[in-house]
Amino acid sequence: MASLMDEHFRVDQPRPHDIVDNPLQIAGLGGGFEANIGIRVIDGNGDAIVTTHTTNSNLASQWQDTVGLMHVPATANGLVEVGPGTGADEVPAWVSIPVIFGIALVHEYSGFYLYTVQPGDTLGAIAASEAAGGLFDDSESWHPIHRANSHIIHDPNKIRPGMVLRIPSAF
């Protein structure tokens with residue numbers, strides 16, 4: 001039989017496939033086992049970057065925490081896992097959210113621009129254009145744009161007019 005906590009635990013931030021900053025903002029609704037909510041941040045290789053917890057009530061209520069990443073993740077893609085508990089390895093995650101680490105895309109990541117793909121565009125042409133804000137040196141520097149949009153671009157040679165891409169930026 002599911003408890004109130006099982007049925008009402010959710011993560012509102014980050015959302016699936018968000019590009020996340022460092023420090024990472026995490027928020028949701030729910031209670032924690034003995035008032036603890038475990039948080040694990042994992043890179044695409046399955047390695048834990050951060051394992052911590054925040055404190056909340058045993059009742060369903062809003063919670064939030066800020067988690068600093070100790071180093072640049074080995075991969076741009078990763079997971080934020082959150083659930084009732086301490087966040088220790090033996091505690092199973094209740095909610096797993098796929099994310100993209102901004103600091104793994106570009107050095108000193110500070111956000112992204114939105115760009116609508118035009119007829120004839122390629123990722124290389126976008127990387128070399130003003131749309132990329134001068135961040136990328138040449139048309140061969142399109143990989144961060146692909147990784148920032150990997151949830152919608154499965155083949156980097158197949159982008160379509162009308163697609164809205166996130167162009168990572170550093171100020």
# chains A, B, ... in the order shown; residues from 1 in each chain; ligands from 1

call {"tool": "closest_atom_pairs", "arguments": {"of": "stretch 13-117 of chain A", "to": "stretch 122-130 of chain A", "cutoff": "12 Å", "atoms": "only C-alpha atoms", "output": "Markdown table"}}
result
| residue | atom | partner | partner_atom | distance |
| --- | --- | --- | --- | --- |
| A:Tyr113 | CA | A:Glu130 | CA | 11.2 |
| A:Leu114 | CA | A:Ile126 | CA | 11.6 |
| A:Tyr115 | CA | A:Ile126 | CA | 8.8 |
| A:Thr116 | CA | A:Ile126 | CA | 10.1 |
| A:Val117 | CA | A:Thr122 | CA | 8.4 |

call {"tool": "residues_around", "arguments": {"residues": "stretch 39-47 of chain A", "least_positions_apart": "3", "cutoff": "6 Å", "atoms": "only C-alpha atoms", "output": "list in words"}}
result
Val50, Thr51, Thr52, His53, Pro73, Thr75, Asn77, Gly78, Leu79, Val80, Glu81, Val82 and Gly87 of chain A

call {"tool": "write_last_selection", "arguments": {"atoms": "N, CA and C atoms", "output": "PDB file, in the first residue's frame"}}
result
ATOM      1  N   VAL A  50      27.605  14.712  -6.612  1.00  0.00           N
ATOM      2  CA  VAL A  50      27.225  15.218  -5.296  1.00  0.00           C
ATOM      3  C   VAL A  50      26.224  14.246  -4.689  1.00  0.00           C
ATOM      4  N   THR A  51      26.389  13.949  -3.420  1.00  0.00           N
ATOM      5  CA  THR A  51      25.407  13.198  -2.644  1.00  0.00           C
ATOM      6  C   THR A  51      25.201  13.982  -1.358  1.00  0.00           C
ATOM      7  N   THR A  52      23.970  14.445  -1.153  1.00  0.00           N
ATOM      8  CA  THR A  52      23.687  15.279   0.011  1.00  0.00           C
ATOM      9  C   THR A  52      22.218  15.102   0.391  1.00  0.00           C
ATOM     10  N   HIS A  53      21.756  15.924   1.293  1.00  0.00           N
ATOM     11  CA  HIS A  53      20.335  15.917   1.642  1.00  0.00           C
ATOM     12  C   HIS A  53      19.934  17.302   2.142  1.00  0.00           C
ATOM     13  N   PRO A  73      31.308  18.155 -14.537  1.00  0.00           N
ATOM     14  CA  PRO A  73      30.957  16.755 -14.794  1.00  0.00           C
ATOM     15  C   PRO A  73      31.684  16.214 -16.019  1.00  0.00           C
ATOM     16  N   THR A  75      30.502  14.356 -18.254  1.00  0.00           N
ATOM     17  CA  THR A  75      29.598  14.348 -19.405  1.00  0.00           C
ATOM     18  C   THR A  75      28.640  15.523 -19.294  1.00  0.00           C
ATOM     19  N   ASN A  77      25.434  15.302 -20.191  1.00  0.00           N
ATOM     20  CA  ASN A  77      24.160  14.741 -19.741  1.00  0.00           C
ATOM     21  C   ASN A  77      24.345  14.072 -18.385  1.00  0.00           C
ATOM     22  N   GLY A  78      23.308  14.157 -17.567  1.00  0.00           N
ATOM     23  CA  GLY A  78      23.349  13.520 -16.264  1.00  0.00           C
ATOM     24  C   GLY A  78      21.968  13.413 -15.670  1.00  0.00           C
ATOM     25  N   LEU A  79      21.924  13.131 -14.395  1.00  0.00           N
ATOM     26  CA  LEU A  79      20.665  12.957 -13.677  1.00  0.00           C
ATOM     27  C   LEU A  79      20.708  13.688 -12.347  1.00  0.00           C
ATOM     28  N   VAL A  80      19.565  14.199 -11.941  1.00  0.00           N
ATOM     29  CA  VAL A  80      19.353  14.646 -10.577  1.00  0.00           C
ATOM     30  C   VAL A  80      18.357  13.654  -9.992  1.00  0.00           C
ATOM     31  N   GLU A  81      18.748  12.993  -8.914  1.00  0.00           N
ATOM     32  CA  GLU A  81      17.888  12.026  -8.244  1.00  0.00           C
ATOM     33  C   GLU A  81      17.517  12.571  -6.875  1.00  0.00           C
ATOM     34  N   VAL A  82      16.233  12.535  -6.559  1.00  0.00           N
ATOM     35  CA  VAL A  82      15.740  13.097  -5.306  1.00  0.00           C
ATOM     36  C   VAL A  82      14.705  12.146  -4.718  1.00  0.00           C
ATOM     37  N   GLY A  87      20.144  10.388   0.921  1.00  0.00           N
ATOM     38  CA  GLY A  87      20.931  10.535  -0.295  1.00  0.00           C
ATOM     39  C   GLY A  87      22.121   9.597  -0.342  1.00  0.00           C
TER      40      GLY A  87
END

call {"tool": "closest_residue", "arguments": {"among": "A:Gly28, A:Gly68, A:Pro84, A:Gly38", "to": "A:Phe101", "atoms": "only C-alpha atoms"}}
result
A:Gly68

call {"tool": "atom_distance", "arguments": {"atom1": "atom CA of A:Asp65", "atom2": "atom CA of A:Trp94"}}
result
16.7 Å

call {"tool": "closest_residue", "arguments": {"among": "A:Ala48, A:Leu29, A:Val164, A:Ile97", "to": "A:Arg10", "atoms": "only C-alpha atoms"}}
result
A:Leu29

call {"tool": "atom_distance", "arguments": {"atom1": "atom CA of A:Gln64", "atom2": "atom CA of A:Arg15"}}
result
13.9 Å

call {"tool": "closest_residue", "arguments": {"among": "A:Leu69, A:Ala27, A:Met163, A:Ala76", "to": "A:Ala148", "atoms": "only C-alpha atoms"}}
result
A:Ala76

call {"tool": "residues_around", "arguments": {"residues": "A:Ser110", "least_positions_apart": "6", "cutoff": "12 Å", "atoms": "only C-alpha atoms", "output": "PyMOL selection string"}}
result
chain A and resi 19-23+101-104+135+167-171

call {"tool": "write_last_selection", "arguments": {"atoms": "C-alpha atoms", "output": "PDB file, in the first residue's frame"}}
result
ATOM      1  CA  ILE A  19      20.340  23.018 -18.760  1.00  0.00           C
ATOM      2  CA  VAL A  20      21.343  23.450 -15.136  1.00  0.00           C
ATOM      3  CA  ASP A  21      23.696  25.986 -13.594  1.00  0.00           C
ATOM      4  CA  ASN A  22      26.258  25.641 -10.860  1.00  0.00           C
ATOM      5  CA  PRO A  23      25.072  25.896  -8.155  1.00  0.00           C
ATOM      6  CA  PHE A 101      25.153  20.445 -17.143  1.00  0.00           C
ATOM      7  CA  GLY A 102      25.849  23.942 -18.478  1.00  0.00           C
ATOM      8  CA  ILE A 103      29.413  23.947 -17.132  1.00  0.00           C
ATOM      9  CA  ALA A 104      30.137  20.791 -19.151  1.00  0.00           C
ATOM     10  CA  LEU A 135      31.306  31.934 -28.271  1.00  0.00           C
ATOM     11  CA  ILE A 167      22.693  28.040 -27.754  1.00  0.00           C
ATOM     12  CA  PRO A 168      24.841  27.881 -24.573  1.00  0.00           C
ATOM     13  CA  SER A 169      26.538  31.101 -23.590  1.00  0.00           C
ATOM     14  CA  ALA A 170      29.261  32.441 -21.319  1.00  0.00           C
ATOM     15  CA  PHE A 171      29.548  36.097 -20.322  1.00  0.00           C
TER      16      PHE A 171
END

call {"tool": "atom_distance", "arguments": {"atom1": "atom CA of A:Asp18", "atom2": "atom CA of A:Ile152"}}
result
12.2 Å

call {"tool": "residues_around", "arguments": {"residues": "A:Gly120", "least_positions_apart": "5", "cutoff": "12 Å", "atoms": "only C-alpha atoms", "output": "VMD selection string"}}
result
chain A and resid 125 to 126 157 to 162

call {"tool": "closest_residue", "arguments": {"among": "A:Asn36, A:Gly83, A:Phe136, A:Phe9", "to": "A:Ala60", "atoms": "only C-alpha atoms"}}
result
A:Phe9

call {"tool": "select_by_dssp", "arguments": {"residues": "stretch 69-164 of chain A", "states": "strand (DSSP E)", "output": "MDAnalysis selection string"}}
result
chainID A and resid 77:84 95:101 109:116 164

call {"tool": "select_by_dssp", "arguments": {"residues": "chain A", "states": "alpha helix (DSSP H)", "output": "list in words"}}
result
Leu4, Met5, Asp6, Glu7, Gly102, Ile103, Ala104, Leu105, Leu123, Gly124, Ala125, Ile126, Ala127, Ala128, His143, Pro144, Ile145, His146, Arg147 and Ala148 of chain A
